[in-house]
Every structure is written in C-alpha cells, then in structure tokens.
$ cat coords15.cif   # mmCIF, C-alpha atoms and all ligand atoms
data_coords
#
loop_
_atom_site.label_atom_id
_atom_site.label_comp_id
_atom_site.auth_asym_id
_atom_site.auth_seq_id
_atom_site.Cartn_x
_atom_site.Cartn_y
_atom_site.Cartn_z
CA MET A 1 -25.27 17.79 -0.10
CA ASP A 2 -28.19 19.14 1.86
CA PRO A 3 -28.52 22.77 0.63
CA ALA A 4 -29.20 23.93 4.17
CA PHE A 5 -25.87 22.51 5.31
CA SER A 6 -23.12 24.96 6.15
CA PHE A 7 -19.53 24.32 7.16
CA SER A 8 -20.07 26.11 10.46
CA GLN A 9 -22.25 23.14 11.38
CA VAL A 10 -19.34 20.74 11.41
CA ASP A 11 -18.33 22.05 14.84
CA GLU A 12 -21.45 20.50 16.16
CA PHE A 13 -20.09 17.07 15.20
CA PRO A 14 -16.53 17.08 16.49
CA SER A 15 -15.95 13.36 16.08
CA GLN A 16 -17.07 13.34 12.44
CA THR A 17 -14.95 16.41 11.81
CA ASP A 18 -11.93 14.62 13.24
CA GLU A 19 -12.50 11.64 11.01
CA TYR A 20 -13.02 13.96 8.05
CA THR A 21 -9.77 15.83 8.75
CA GLN A 22 -7.91 12.58 9.23
CA ILE A 23 -9.16 11.13 5.95
CA LEU A 24 -8.25 14.29 4.05
CA THR A 25 -4.83 14.37 5.66
CA GLU A 26 -4.24 10.75 4.60
CA LEU A 27 -5.42 11.53 1.09
CA HIS A 28 -3.07 14.50 0.97
CA THR A 29 -0.10 12.44 2.19
CA GLU A 30 -0.73 9.70 -0.38
CA TYR A 31 -1.34 12.28 -3.08
CA CYS A 32 2.01 13.98 -2.37
CA ARG A 33 3.75 10.61 -2.37
CA ASP A 34 2.23 9.32 -5.64
CA GLN A 35 1.85 12.63 -7.50
CA PRO A 36 -0.82 11.23 -9.80
CA LEU A 37 -1.47 12.76 -13.19
CA ASP A 38 -5.20 12.20 -13.04
CA VAL A 39 -6.05 13.94 -9.78
CA LEU A 40 -9.79 13.41 -9.81
CA GLN A 41 -9.49 9.73 -10.64
CA TYR A 42 -6.90 9.34 -7.92
CA CYS A 43 -9.15 10.97 -5.31
CA ALA A 44 -12.14 8.94 -6.48
CA ASN A 45 -10.11 5.72 -6.16
CA PHE A 46 -8.91 6.73 -2.72
CA PHE A 47 -12.41 7.32 -1.36
CA ASN A 48 -13.79 4.25 -3.06
CA GLN A 49 -11.08 2.12 -1.57
CA ARG A 50 -11.68 3.54 1.90
CA LEU A 51 -15.38 2.91 1.62
CA GLN A 52 -14.86 -0.65 0.53
CA GLU A 53 -12.35 -1.31 3.28
CA GLN A 54 -14.73 0.08 5.84
CA ARG A 55 -17.59 -2.04 4.52
CA ALA A 56 -15.40 -5.10 4.51
CA SER A 57 -14.31 -4.37 8.05
CA LEU A 58 -17.93 -4.04 9.14
CA ARG A 59 -18.75 -7.34 7.55
CA GLN A 60 -15.88 -8.88 9.42
CA ARG A 61 -17.39 -7.79 12.68
CA LEU A 62 -20.59 -9.60 12.01
CA PRO A 63 -21.06 -12.56 14.30
CA ARG A 64 -19.90 -15.96 13.19
CA GLY A 65 -22.16 -17.45 10.57
CA PHE A 66 -22.61 -14.12 8.81
CA GLU A 67 -19.26 -14.15 7.08
CA ALA A 68 -19.45 -13.01 3.50
CA ASN A 69 -17.43 -15.40 1.47
CA GLU A 70 -17.97 -13.41 -1.71
CA LEU A 71 -15.31 -11.08 -0.39
CA HIS A 72 -12.54 -13.43 -1.43
CA PRO A 73 -10.79 -12.30 -4.62
CA LEU A 74 -10.92 -15.75 -6.09
CA SER A 75 -14.34 -16.48 -4.74
CA GLY A 76 -15.63 -17.94 -7.97
CA GLN A 77 -13.10 -20.70 -7.47
CA HIS A 78 -14.24 -22.16 -4.19
CA GLN A 79 -17.59 -21.45 -2.76
CA GLU A 80 -17.82 -23.78 0.19
CA PHE A 81 -16.29 -24.08 3.54
CA PRO A 82 -16.49 -27.86 3.80
CA GLY A 83 -16.27 -29.21 7.28
CA GLN A 84 -14.17 -26.26 8.47
CA ILE A 85 -11.18 -28.45 9.16
CA SER A 86 -8.08 -26.72 10.38
CA ASP A 87 -4.88 -27.05 8.36
CA ASN A 88 -2.79 -29.97 9.27
CA ASP A 89 -4.96 -30.61 12.32
CA ASP A 90 -3.18 -33.76 13.39
CA ASP A 91 0.15 -32.29 14.16
CA LYS A 92 -0.70 -28.75 15.03
CA ASP A 93 -0.48 -29.18 18.77
CA ASN A 94 2.91 -30.82 18.51
CA ASP A 95 4.48 -28.43 16.11
CA PHE A 96 3.45 -25.04 17.34
CA GLU A 97 3.67 -23.22 20.57
CA THR A 98 0.18 -22.56 21.82
CA LEU A 99 -0.95 -19.23 20.42
CA ASP A 100 -3.91 -17.19 21.50
CA ASP A 101 -6.43 -16.92 18.78
CA SER A 102 -6.89 -13.24 19.39
CA ASP A 103 -8.87 -12.97 16.20
CA ASP A 104 -11.51 -15.10 17.81
CA GLU A 105 -11.48 -12.72 20.70
CA GLU A 106 -12.02 -9.94 18.23
CA ARG A 107 -15.12 -11.66 16.94
CA ASP A 108 -16.33 -12.54 20.38
CA GLU A 109 -16.27 -8.87 21.22
CA PHE A 110 -19.27 -8.46 18.97
CA SER A 111 -21.69 -7.00 21.44
CA GLY A 112 -24.80 -6.54 19.43
CA GLU A 113 -23.90 -2.93 18.78
CA LEU A 114 -25.64 -1.64 15.69
CA ILE A 115 -23.56 -2.19 12.61
CA PRO A 116 -24.78 -0.36 9.53
CA MET A 117 -25.60 -3.03 6.99
CA MET A 118 -24.76 -2.95 3.33
CA PRO A 119 -27.83 -2.87 1.13
CA PRO A 120 -28.73 -6.48 0.27
CA SER A 121 -27.68 -5.86 -3.31
CA TYR A 122 -24.23 -4.64 -2.32
CA GLY A 123 -21.75 -6.80 -4.10
CA ARG A 124 -24.33 -8.58 -6.22
CA ASP A 125 -23.84 -8.53 -9.97
CA ARG A 126 -20.51 -6.97 -9.46
CA ARG A 127 -17.23 -8.40 -10.62
CA THR A 128 -15.50 -9.33 -7.39
CA SER A 129 -12.36 -7.29 -7.10
CA VAL A 130 -9.53 -7.26 -4.63
CA SER A 131 -10.44 -3.72 -3.66
CA ALA A 132 -13.73 -4.91 -2.34
CA GLU A 133 -12.29 -7.84 -0.51
CA SER A 134 -9.43 -6.63 1.53
CA MET A 135 -10.23 -6.61 5.20
CA ALA A 136 -9.20 -3.97 7.64
CA PRO A 137 -5.90 -5.02 9.20
CA THR A 138 -5.96 -6.06 12.82
CA GLN A 139 -5.61 -2.80 14.73
CA GLY A 140 -2.13 -2.04 16.02
CA ARG A 141 -3.36 -1.08 19.47
CA ASP A 142 -4.99 -4.50 19.99
CA PHE A 143 -1.92 -6.35 18.87
CA VAL A 144 -0.40 -8.61 21.49
CA LYS A 145 3.03 -9.57 20.18
CA THR A 146 3.86 -13.23 19.88
CA VAL A 147 7.42 -13.98 20.92
CA ILE A 148 8.82 -17.43 20.30
CA PRO A 149 12.41 -17.43 21.57
CA LYS A 150 15.02 -18.17 18.89
CA SER A 151 18.73 -18.72 18.61
CA PRO A 152 20.85 -16.29 16.55
CA GLU A 153 21.28 -19.14 14.07
CA GLN A 154 17.50 -19.46 13.62
CA CYS A 155 17.19 -15.67 13.20
CA ALA A 156 19.86 -15.78 10.50
CA ARG A 157 18.00 -18.58 8.71
CA ILE A 158 14.79 -16.54 8.78
CA ARG A 159 16.60 -13.49 7.42
CA GLU A 160 17.95 -15.52 4.53
CA SER A 161 14.54 -17.07 3.81
CA VAL A 162 12.67 -13.77 3.61
CA GLU A 163 15.30 -11.50 2.12
CA ASN A 164 14.08 -11.90 -1.44
CA ASN A 165 10.42 -12.21 -0.58
CA PHE A 166 8.44 -9.18 -1.76
CA LEU A 167 5.93 -9.32 1.06
CA PHE A 168 8.68 -8.49 3.55
CA ARG A 169 10.26 -5.72 1.50
CA ASN A 170 8.85 -2.61 3.16
CA LEU A 171 9.05 -3.55 6.80
CA ASP A 172 10.77 -1.19 9.20
CA GLU A 173 13.18 -2.60 11.80
CA GLU A 174 10.59 -3.04 14.52
CA GLN A 175 8.07 -4.70 12.23
CA TYR A 176 10.75 -7.02 10.93
CA GLN A 177 11.73 -7.99 14.50
CA ASP A 178 8.09 -8.60 15.44
CA VAL A 179 7.72 -10.92 12.45
CA VAL A 180 10.91 -12.82 13.29
CA ASP A 181 9.84 -13.13 16.95
CA ALA A 182 6.46 -14.52 15.98
CA MET A 183 7.65 -17.08 13.45
CA ALA A 184 7.51 -20.73 14.43
CA GLU A 185 9.85 -23.28 12.87
CA LYS A 186 8.08 -26.23 11.34
CA ARG A 187 9.86 -29.29 9.95
CA LEU A 188 7.71 -31.63 7.92
CA PRO A 189 8.43 -34.79 5.96
CA SER A 190 7.87 -35.19 2.24
CA LYS A 191 4.23 -35.82 1.23
CA GLU A 192 2.86 -33.99 4.27
CA HIS A 193 -0.16 -31.76 3.54
CA VAL A 194 0.79 -28.38 4.95
CA ILE A 195 -2.49 -26.77 3.89
CA GLU A 196 -5.79 -28.41 2.94
CA GLN A 197 -8.10 -26.65 0.53
CA GLY A 198 -11.27 -25.64 2.37
CA ALA A 199 -9.65 -25.61 5.80
CA VAL A 200 -9.65 -22.64 8.16
CA GLY A 201 -6.52 -20.56 7.69
CA ASP A 202 -4.29 -20.20 10.69
CA TYR A 203 -0.74 -19.57 9.45
CA PHE A 204 1.15 -17.92 6.63
CA TYR A 205 4.26 -19.88 5.60
CA VAL A 206 7.70 -19.01 4.26
CA VAL A 207 9.83 -21.82 2.83
CA GLU A 208 13.35 -22.10 4.20
CA GLN A 209 14.25 -25.47 2.68
CA GLY A 210 12.62 -28.01 0.42
CA THR A 211 9.92 -27.96 -2.22
CA LEU A 212 6.13 -28.05 -2.22
CA ASP A 213 3.36 -28.35 -4.81
CA CYS A 214 0.12 -26.40 -4.82
CA TYR A 215 -3.12 -28.06 -6.07
CA ILE A 216 -6.60 -26.69 -6.63
CA ALA A 217 -9.64 -28.94 -6.81
CA LYS A 218 -12.77 -27.69 -8.55
CA GLY A 219 -15.96 -29.63 -8.00
CA ASP A 220 -15.44 -33.36 -8.47
CA ALA A 221 -12.56 -32.96 -10.91
CA GLU A 222 -9.07 -34.19 -10.06
CA PRO A 223 -6.99 -31.50 -8.31
CA VAL A 224 -4.81 -29.59 -10.72
CA LYS A 225 -1.28 -28.53 -9.84
CA VAL A 226 -1.14 -24.74 -10.21
CA THR A 227 2.29 -23.87 -8.89
CA ASN A 228 5.18 -25.03 -6.76
CA TYR A 229 7.36 -23.47 -4.08
CA GLU A 230 11.01 -23.58 -3.16
CA ALA A 231 13.28 -21.78 -0.69
CA GLY A 232 12.24 -18.14 -0.31
CA GLY A 233 8.67 -18.74 -1.53
CA SER A 234 5.63 -18.12 0.63
CA PHE A 235 1.99 -19.16 0.68
CA GLY A 236 -1.14 -19.22 2.78
CA GLU A 237 -1.85 -15.49 2.83
CA LEU A 238 -5.26 -15.51 1.16
CA ALA A 239 -7.27 -17.21 3.88
CA LEU A 240 -5.77 -14.86 6.46
CA MET A 241 -6.37 -11.74 4.39
CA TYR A 242 -9.97 -12.50 3.51
CA ASN A 243 -11.13 -14.70 6.36
CA ALA A 244 -11.84 -17.30 3.74
CA PRO A 245 -11.27 -21.04 3.54
CA ARG A 246 -7.95 -22.17 2.12
CA ALA A 247 -8.00 -21.78 -1.65
CA ALA A 248 -5.58 -24.63 -2.41
CA THR A 249 -3.88 -27.71 -1.00
CA ILE A 250 -0.14 -27.50 -0.44
CA ILE A 251 1.88 -30.70 -0.22
CA ALA A 252 5.58 -31.09 0.59
CA THR A 253 7.44 -32.82 -2.24
CA SER A 254 10.61 -33.20 -0.11
CA ASP A 255 11.36 -32.82 3.58
CA VAL A 256 10.72 -29.15 4.28
CA VAL A 257 11.67 -26.49 6.80
CA LEU A 258 9.03 -23.77 7.00
CA TRP A 259 8.57 -20.63 9.07
CA ALA A 260 4.95 -20.18 10.11
CA LEU A 261 3.54 -16.77 10.98
CA ASP A 262 0.29 -16.64 12.97
CA ARG A 263 -2.71 -14.88 11.50
CA VAL A 264 -2.76 -11.97 13.96
CA THR A 265 0.86 -11.04 13.30
CA PHE A 266 0.35 -11.52 9.58
CA ARG A 267 -2.73 -9.30 9.52
CA THR A 268 -1.20 -6.67 11.76
CA ILE A 269 2.14 -6.33 10.02
CA LEU A 270 2.20 -7.88 6.57
CA MET A 271 -1.33 -7.64 5.29
CA GLU A 272 -1.83 -3.94 4.76
CA ASN A 273 1.04 -3.47 2.40
CA THR A 274 0.24 -6.66 0.51
CA SER A 275 -3.42 -5.84 -0.05
CA ARG A 276 -2.60 -2.20 -0.87
CA LYS A 277 -0.26 -3.27 -3.66
CA ARG A 278 -2.62 -5.89 -5.03
CA ARG A 279 -5.40 -3.30 -5.13
CA MET A 280 -3.17 -0.64 -6.60
CA TYR A 281 -2.08 -2.71 -9.58
CA GLU A 282 -5.15 -4.91 -10.03
CA THR A 283 -7.03 -2.93 -12.68
CA PHE A 284 -3.86 -1.93 -14.44
CA LEU A 285 -2.61 -5.52 -14.77
CA GLU A 286 -6.02 -6.71 -15.96
CA GLU A 287 -5.86 -4.19 -18.81
CA ILE A 288 -2.54 -5.44 -20.15
CA ASP A 289 -3.08 -7.70 -23.15
CA LEU A 290 0.05 -9.68 -22.46
CA LEU A 291 -1.22 -10.69 -19.02
CA LYS A 292 -4.81 -11.45 -19.96
CA SER A 293 -4.18 -15.17 -20.18
CA LEU A 294 -2.93 -15.29 -16.59
CA GLU A 295 -5.05 -16.40 -13.63
CA SER A 296 -6.06 -13.66 -11.18
CA TYR A 297 -3.75 -15.16 -8.59
CA GLU A 298 -0.80 -15.01 -10.98
CA ARG A 299 -1.51 -11.30 -11.45
CA TYR A 300 -1.57 -10.78 -7.67
CA LYS A 301 1.88 -12.35 -7.40
CA ILE A 302 3.08 -9.93 -10.09
CA ALA A 303 1.54 -7.04 -8.15
CA ASP A 304 3.47 -8.13 -5.03
CA ALA A 305 6.71 -7.82 -6.97
CA LEU A 306 6.05 -4.54 -8.81
CA GLU A 307 7.63 -1.22 -7.86
CA SER A 308 6.51 2.04 -9.48
CA VAL A 309 9.18 4.41 -10.74
CA TYR A 310 8.84 7.89 -12.24
CA PHE A 311 10.77 9.60 -15.05
CA GLU A 312 10.63 13.26 -15.96
CA GLU A 313 10.09 14.41 -19.56
CA GLY A 314 13.28 13.88 -21.56
CA GLN A 315 14.80 11.46 -19.04
CA GLN A 316 16.36 8.25 -20.37
CA VAL A 317 14.78 5.12 -18.95
CA VAL A 318 17.11 2.62 -20.62
CA VAL A 319 20.12 3.28 -22.79
CA GLN A 320 21.05 1.28 -25.88
CA GLY A 321 24.06 -0.95 -25.16
CA ASP A 322 23.60 -0.98 -21.36
CA VAL A 323 23.15 -4.17 -19.36
CA GLY A 324 19.46 -4.54 -18.47
CA ASP A 325 18.03 -5.86 -15.23
CA GLN A 326 14.48 -4.43 -15.20
CA PHE A 327 11.26 -5.01 -17.12
CA TYR A 328 8.88 -2.01 -17.48
CA LEU A 329 5.10 -1.72 -17.77
CA ILE A 330 3.92 1.79 -18.64
CA GLU A 331 1.32 2.99 -16.16
CA THR A 332 0.98 6.59 -17.40
CA GLY A 333 2.74 8.82 -19.91
CA GLU A 334 4.50 8.03 -23.17
CA ALA A 335 7.89 6.52 -23.95
CA VAL A 336 9.78 7.05 -27.22
CA PHE A 337 12.20 4.42 -28.55
CA TYR A 338 15.37 5.42 -30.41
CA LYS A 339 17.75 3.12 -32.26
CA THR A 340 21.30 4.14 -33.16
CA ASP A 341 22.73 2.15 -36.09
CA SER A 342 26.35 1.14 -36.69
CA GLN A 343 26.95 4.45 -38.56
CA GLY A 344 25.89 6.39 -35.48
CA ASN A 345 22.55 7.55 -36.97
CA THR A 346 19.76 7.70 -34.42
CA ARG A 347 16.12 7.34 -35.45
CA GLU A 348 12.85 7.01 -33.62
CA VAL A 349 11.53 3.48 -33.98
CA ASN A 350 8.44 3.49 -31.82
CA ARG A 351 6.42 5.17 -29.12
CA TYR A 352 4.33 3.47 -26.47
CA GLY A 353 1.77 4.50 -23.84
CA ARG A 354 -0.23 3.03 -20.97
CA GLY A 355 -0.43 -0.75 -20.84
CA CYS A 356 2.58 -1.30 -23.10
CA PHE A 357 5.79 -2.87 -21.89
CA PHE A 358 9.47 -2.76 -22.72
CA GLY A 359 12.81 -3.95 -21.42
CA GLU A 360 12.13 -7.64 -21.92
CA LEU A 361 14.67 -8.29 -24.70
CA ALA A 362 17.76 -7.79 -22.55
CA LEU A 363 16.23 -10.06 -19.89
CA LEU A 364 15.08 -12.77 -22.30
CA ASN A 365 18.32 -12.93 -24.28
CA ASP A 366 20.88 -11.72 -21.74
CA SER A 367 21.78 -9.11 -24.32
CA PRO A 368 22.57 -5.38 -24.04
CA ARG A 369 19.66 -2.95 -24.34
CA ALA A 370 18.60 -2.86 -28.01
CA VAL A 371 17.26 0.71 -28.00
CA THR A 372 17.25 3.85 -25.89
CA VAL A 373 13.92 4.66 -24.27
CA VAL A 374 13.15 8.27 -23.35
CA ALA A 375 10.20 9.65 -21.38
CA ASN A 376 8.17 11.84 -23.72
CA SER A 377 6.15 13.25 -20.84
CA ARG A 378 6.20 12.46 -17.15
CA LEU A 379 6.32 8.69 -17.24
CA LYS A 380 5.24 6.25 -14.55
CA CYS A 381 6.32 2.64 -14.97
CA ALA A 382 5.76 -0.44 -12.85
CA THR A 383 8.99 -2.42 -12.84
CA LEU A 384 9.92 -6.04 -12.25
CA GLY A 385 13.46 -7.21 -11.53
CA LYS A 386 15.03 -9.95 -13.63
CA LYS A 387 14.41 -12.87 -11.27
CA ALA A 388 10.77 -11.94 -10.71
CA PHE A 389 10.34 -11.35 -14.44
CA THR A 390 11.48 -14.89 -15.27
CA ARG A 391 9.57 -16.54 -12.45
CA LEU A 392 6.30 -14.61 -12.59
CA LEU A 393 6.01 -14.12 -16.32
CA GLY A 394 6.91 -17.76 -17.02
CA PRO A 395 3.45 -18.53 -18.42
CA VAL A 396 3.72 -15.69 -20.97
CA LEU A 397 7.40 -15.98 -21.84
CA ASP A 398 6.54 -17.65 -25.16
CA ILE A 399 4.30 -14.71 -26.10
CA LEU A 400 7.07 -12.30 -25.11
CA LYS A 401 9.59 -14.19 -27.23
CA ARG A 402 7.27 -14.24 -30.24
CA ASN A 403 6.62 -10.53 -29.76
CA SER A 404 10.28 -9.76 -29.52
CA GLU A 405 10.92 -11.54 -32.83
CA ASN A 406 8.19 -9.37 -34.39
CA TYR A 407 9.68 -6.15 -33.35
CA HIS A 408 13.16 -7.25 -34.22
CA THR A 409 11.73 -7.51 -37.72
CA ILE A 410 10.07 -4.10 -37.48
CA ILE A 411 13.20 -2.39 -36.19
CA ASN A 412 15.36 -4.09 -38.81
CA LYS A 413 12.97 -3.10 -41.60
CA GLN A 414 12.90 0.50 -40.40
CA SER A 415 16.66 0.79 -40.33
CA GLN A 416 17.08 -0.64 -43.83
N1 LIG B 501 -3.97 -20.16 -8.19
C1 LIG B 501 -4.04 -20.01 -6.87
N2 LIG B 501 -5.22 -19.68 -6.32
C2 LIG B 501 -5.33 -19.55 -4.99
N3 LIG B 501 -4.31 -19.74 -4.11
C3 LIG B 501 -3.14 -20.07 -4.60
C4 LIG B 501 -2.95 -20.22 -6.00
N4 LIG B 501 -1.67 -20.54 -6.20
C5 LIG B 501 -1.09 -20.57 -4.99
N5 LIG B 501 -1.96 -20.31 -4.01
C6 LIG B 501 -1.63 -20.29 -2.57
O1 LIG B 501 -2.23 -21.41 -1.95
C7 LIG B 501 -2.67 -20.98 -0.67
C8 LIG B 501 -3.67 -21.85 0.01
O2 LIG B 501 -4.01 -21.23 1.24
P1 LIG B 501 -4.60 -19.72 1.18
O3 LIG B 501 -5.91 -19.74 0.48
O4 LIG B 501 -4.53 -19.14 2.52
O5 LIG B 501 -3.53 -18.95 0.24
C9 LIG B 501 -3.25 -19.61 -0.97
C10 LIG B 501 -2.14 -19.03 -1.81
O6 LIG B 501 -1.09 -18.59 -0.99
#
$ encode --input "coords15.cif" --output "structure tokens" --more "lines below"
Ligand SMILES: Nc1ncnc2c1ncn2[C@@H]1O[C@@H]2COP(=O)(O)O[C@H]2[C@H]1O
Amino acid sequence: MDPAFSFSQVDEFPSQTDEYTQILTELHTEYCRDQPLDVLQYCANFFNQRLQEQRASLRQRLPRGFEANELHPLSGQHQEFPGQISDNDDDKDNDFETLDDSDDEERDEFSGELIPMMPPSYGRDRRTSVSAESMAPTQGRDFVKTVIPKSPEQCARIRESVENNFLFRNLDEEQYQDVVDAMAEKRLPSKEHVIEQGAVGDYFYVVEQGTLDCYIAKGDAEPVKVTNYEAGGSFGELALMYNAPRAATIIATSDVVLWALDRVTFRTILMENTSRKRRMYETFLEEIDLLKSLESYERYKIADALESVYFEEGQQVVVQGDVGDQFYLIETGEAVFYKTDSQGNTREVNRYGRGCFFGELALLNDSPRAVTVVANSRLKCATLGKKAFTRLLGPVLDILKRNSENYHTIINKQSQ
C-alpha cells in the first residue's frame, strides 16, 4: 500500500468505498456460513475468485472476435470454433418459440468504453482452472423473463424430470418457477443430433424421457463415446457457462422428450450456483488419489452432487451396524475409526485426514456400517448420496472394491 495512504482518504472515493464495503460484507457472510478452519487461505481464495470472475467478466464484454477460448475448463480438449454452426440448426425454428438473444444484446452494448485489459501474459503458462473460467452470471436486473405457457401436466413432468438433478437443488420458489416458465418442450426422434461439437451453445437440456449418447472427437480420430444420459440427466451447460463452442456431440439413442432452457435463463438462475460448486471442490477433488484417473468433466459432475457437512469433535459420523446411505470425503479435520467385535470390545482401527474417504463399504455391498467413525476434531466432509455415488464413481468402483478388500484384511488382522 502507498505509505502516504490513510483511511480518511477513502471518503474521497465514495464509489470505491461502497464496492469495498460490499465485498467485505460478502466475504463476512460467506465466512460465517462456511466457518473455515484456515481463515487466511479462505480469504485469499475468496479474493482470488472474485478477481478471476471480474477478469472473466471483462473479457466477456470484449467485442465479438476477442473472445478468449482459453477460459473454458476443458479448453485443452477443443481449441477451435469450426464454422460456428448452431446446434441442431435445421429444426430450431420449428421446435422452439422465438427467443430474444438478449446475450447478443449484451455484447452489442459494448460501446468502446475503456475496459482494463489483462496483461498479455495473463493466463499463459497457467493450468487452466474452473476458477479462472467461470463467467459473471447475467445480471438479475437485465433479466427479461421468458415465459412459455404450459399446462399443469407439463409442469408436473418438468418437476419430475428435475427433482433429482443437482443443478436444480438450491433454487428458491421464484427461481424454480422462472426456470419452469422458460423451459421449452422438445420431442426428437432417435438418432437426432441434439448438440453438435463445435457449435454455438444456445440451450441447456434436461432429459424427461429416452436415452442419449455423448461423443467427443479429438483431431481426426473417431469420436469416442464418453457418457450417456437417461431421464433426469442434463447436458449442454458448458458452452453457456463459458461462452465456448460445444464440447461434445449428443445424439438421441431413442425417441426423446427434452426440456430446453435458454442461455439467458440458464446463466441468470442456474449458472452461479453450478460454477460456485465446481470451483469450490475443484482443487480438493484433484488432490484425491482415488479420483485422479477421472477426466476433469467427471470431477465436475461429482462436484455438482457434493454437499459439505460439519461434525463437532467427538461427534459420531457413522455408527457400526447402521444402514448407510452416504459416502464421505474428508475435506478438513481428522476422523477416527472404531470397530466393536462380537465380544463387545471396541478398538481403534484407523484414523484418516484430508483427502481420505469412508462410507463406501455399506454402499458397495448393501451391508450395515462396518465401523463407527468419530470426528477427532472439527470435521468437514463432502458427501455423496448412494445413487450419485454409484453413478458418478462408476469408473473407480473397481478401485474402491479392491481397496475395501484390503482394509477388510487390515481390520480382520487387527482384531485377531
Ligand atoms: N467429457 C465431457 N467433456 C465435455 N462435455 C461433456 C463431457 N461429457 C458430457 N459432456 C456434456 O456435453 C455437452 C456438450 O455441450 P456443452 O459443451 O455445452 O456441455 C457439454 C456437457 O454438458
């Protein structure tokens, strides 16, 4: 700080002071909510995130042609924007009500006002991370609601389609209604390409009925199937979040009924929470050995599904013999594992800290909890429910099973 600077001077810059107070108030609110153990790190992350969001938002306001594609979290995977085709161009006019592309209006507002530029080296030689890429959400005050009239029966079908979808979990009543109002029903036959890799993103989709496959093409190689979707699944968020070309091609493998949400509504209502969670868990998930073999996108899907829970010192997290429905990843603190044998003798069998996991045995084997886990200090865990655990950890289930056999052996040896 300039040594000549004094706090009395801030009155001379009321607008900066307001922004300063607002940022600190937000930090304080989030701090009280999360109660982090490492206060300095938490504050550093907060400011870093804000800075990156602001930079990303500034980039977004650059006129067309200046878009920074490196912002996309999976940017190594698709560099080009070939031909800028729009998804499913042929049938778009028939299938959707005409929607204003207010985002275009946003860009067109660029008036030549001076936008502070990032140094040319900003972002170079840096691992691209979600934190850097998330764009500022479309501002609430500019949001013109899209209302596509629907029957009560259609509303009920939407409710059923999104009720288990994590991206819709934290919406309040009004946000939920805005999303339902904006959704457009789209019925497509089997084999239809709903999204083309490289196209401009216009809609986010939720599957009501049917199945779809997702393919990624790299260079000249044959496209590789990376995942598939069924009722309740959703896709098409990345291009809307990062103003990037579509990262994959999505093809219906049966007749499908989809609900399409326009980009402005998606960015205004669903994006903030989604990108906040992906950022929040990104580094943590990358550190976990078990998840290292996963693709970045698979880790983002896990982040969407995670919920953090806290336990005070001495509190039981799981109890031996109970039915289990949660999987735990330790974010901070230490957990101690106790096993009670058939004679009623209890002994400590293990203790784990950050990056370790537990709770998988009951989910893998549909068996009662094998041990009691107690928080040895204030413990923060990211949890996954049973369905999400099976679906999202599918690629590492074999590792989990092998692991579980190992520590069966360890526990058995210890109790002999
Ligand atoms: N491995 C993956 N990488 C990128 N996108 C994926 C992947 N698997 C599924 N997708 C989805 O495919 C969608 C294609 O359009 P988007 O890029 O908008 O958003 C993408 C994701 O929703």
$ residues_near_ligand --input "coords15.cif" --ligand "ligand LIG 501 (chain B)" --cutoff "10 Å" --atoms "only C-alpha atoms and all ligand atoms" --output "PyMOL selection string"
chain A and resi 72-75+77-78+87+194-205+213-216+224-229+233-250+294-301
$ closest_residue --input "coords15.cif" --among "A:Glu282, A:Asp304, A:Asp322, A:Glu313" --to "A:Val336" --atoms "all atoms listed in the file"
A:Glu313
$ residues_near_point --input "coords15.cif" --point "(8.3, -10.0, 14.6)" --cutoff "10 Å" --atoms "all atoms listed in the file" --output "JSON, numbers by chain"
{"A": [145, 146, 147, 148, 173, 174, 175, 176, 177, 178, 179, 180, 181, 182, 183, 261, 265, 266, 269]}
$ residues_near_point --input "coords15.cif" --point "(6.3, 7.8, -17.7)" --cutoff "10 Å" --atoms "only C-alpha atoms" --output "ChimeraX atom specification"
/A:309-313,315,317,329-335,352-354,374-382
$ residues_around --input "coords15.cif" --residues "A:Ala156" --least-positions-apart "5" --cutoff "12 Å" --atoms "only C-alpha atoms" --output "PyMOL selection string"
chain A and resi 150-151+161-163+177+180+208
$ atom_distance --input "coords15.cif" --atom1 "atom CA of A:Ala388" --atom2 "atom CA of A:Leu306"
9.0 Å
$ build_atoms --input "coords15.cif" --residues "stretch 227-238 of chain A" --atoms "N, CA and C atoms" --output "CSV table (one decimal), in the frame of the given file"
chain,number,residue,atom,x,y,z
A,227,THR,N,1.0,-24.5,-9.1
A,227,THR,CA,2.3,-23.9,-8.9
A,227,THR,C,3.1,-24.7,-7.9
A,228,ASN,N,4.3,-24.3,-7.8
A,228,ASN,CA,5.2,-25.0,-6.8
A,228,ASN,C,6.0,-24.0,-6.0
A,229,TYR,N,6.6,-24.4,-4.9
A,229,TYR,CA,7.4,-23.5,-4.1
A,229,TYR,C,8.7,-24.1,-3.8
A,230,GLU,N,9.7,-23.2,-3.6
A,230,GLU,CA,11.0,-23.6,-3.2
A,230,GLU,C,11.5,-22.6,-2.1
A,231,ALA,N,12.8,-22.7,-1.7
A,231,ALA,CA,13.3,-21.8,-0.7
A,231,ALA,C,13.0,-20.3,-1.0
A,232,GLY,N,12.5,-19.6,-0.1
A,232,GLY,CA,12.2,-18.1,-0.3
A,232,GLY,C,10.8,-17.9,-0.7
A,233,GLY,N,10.1,-18.9,-1.1
A,233,GLY,CA,8.7,-18.7,-1.5
A,233,GLY,C,7.8,-18.6,-0.3
A,234,SER,N,6.6,-18.2,-0.5
A,234,SER,CA,5.6,-18.1,0.6
A,234,SER,C,4.2,-18.4,0.1
A,235,PHE,N,3.4,-18.8,1.0
A,235,PHE,CA,2.0,-19.2,0.7
A,235,PHE,C,1.1,-19.1,1.9
A,236,GLY,N,-0.2,-19.1,1.7
A,236,GLY,CA,-1.1,-19.2,2.8
A,236,GLY,C,-1.6,-17.9,3.2
A,237,GLU,N,-1.4,-16.8,2.4
A,237,GLU,CA,-1.8,-15.5,2.8
A,237,GLU,C,-3.3,-15.2,2.6
A,238,LEU,N,-3.9,-15.9,1.6
A,238,LEU,CA,-5.3,-15.5,1.2
A,238,LEU,C,-6.3,-15.7,2.3
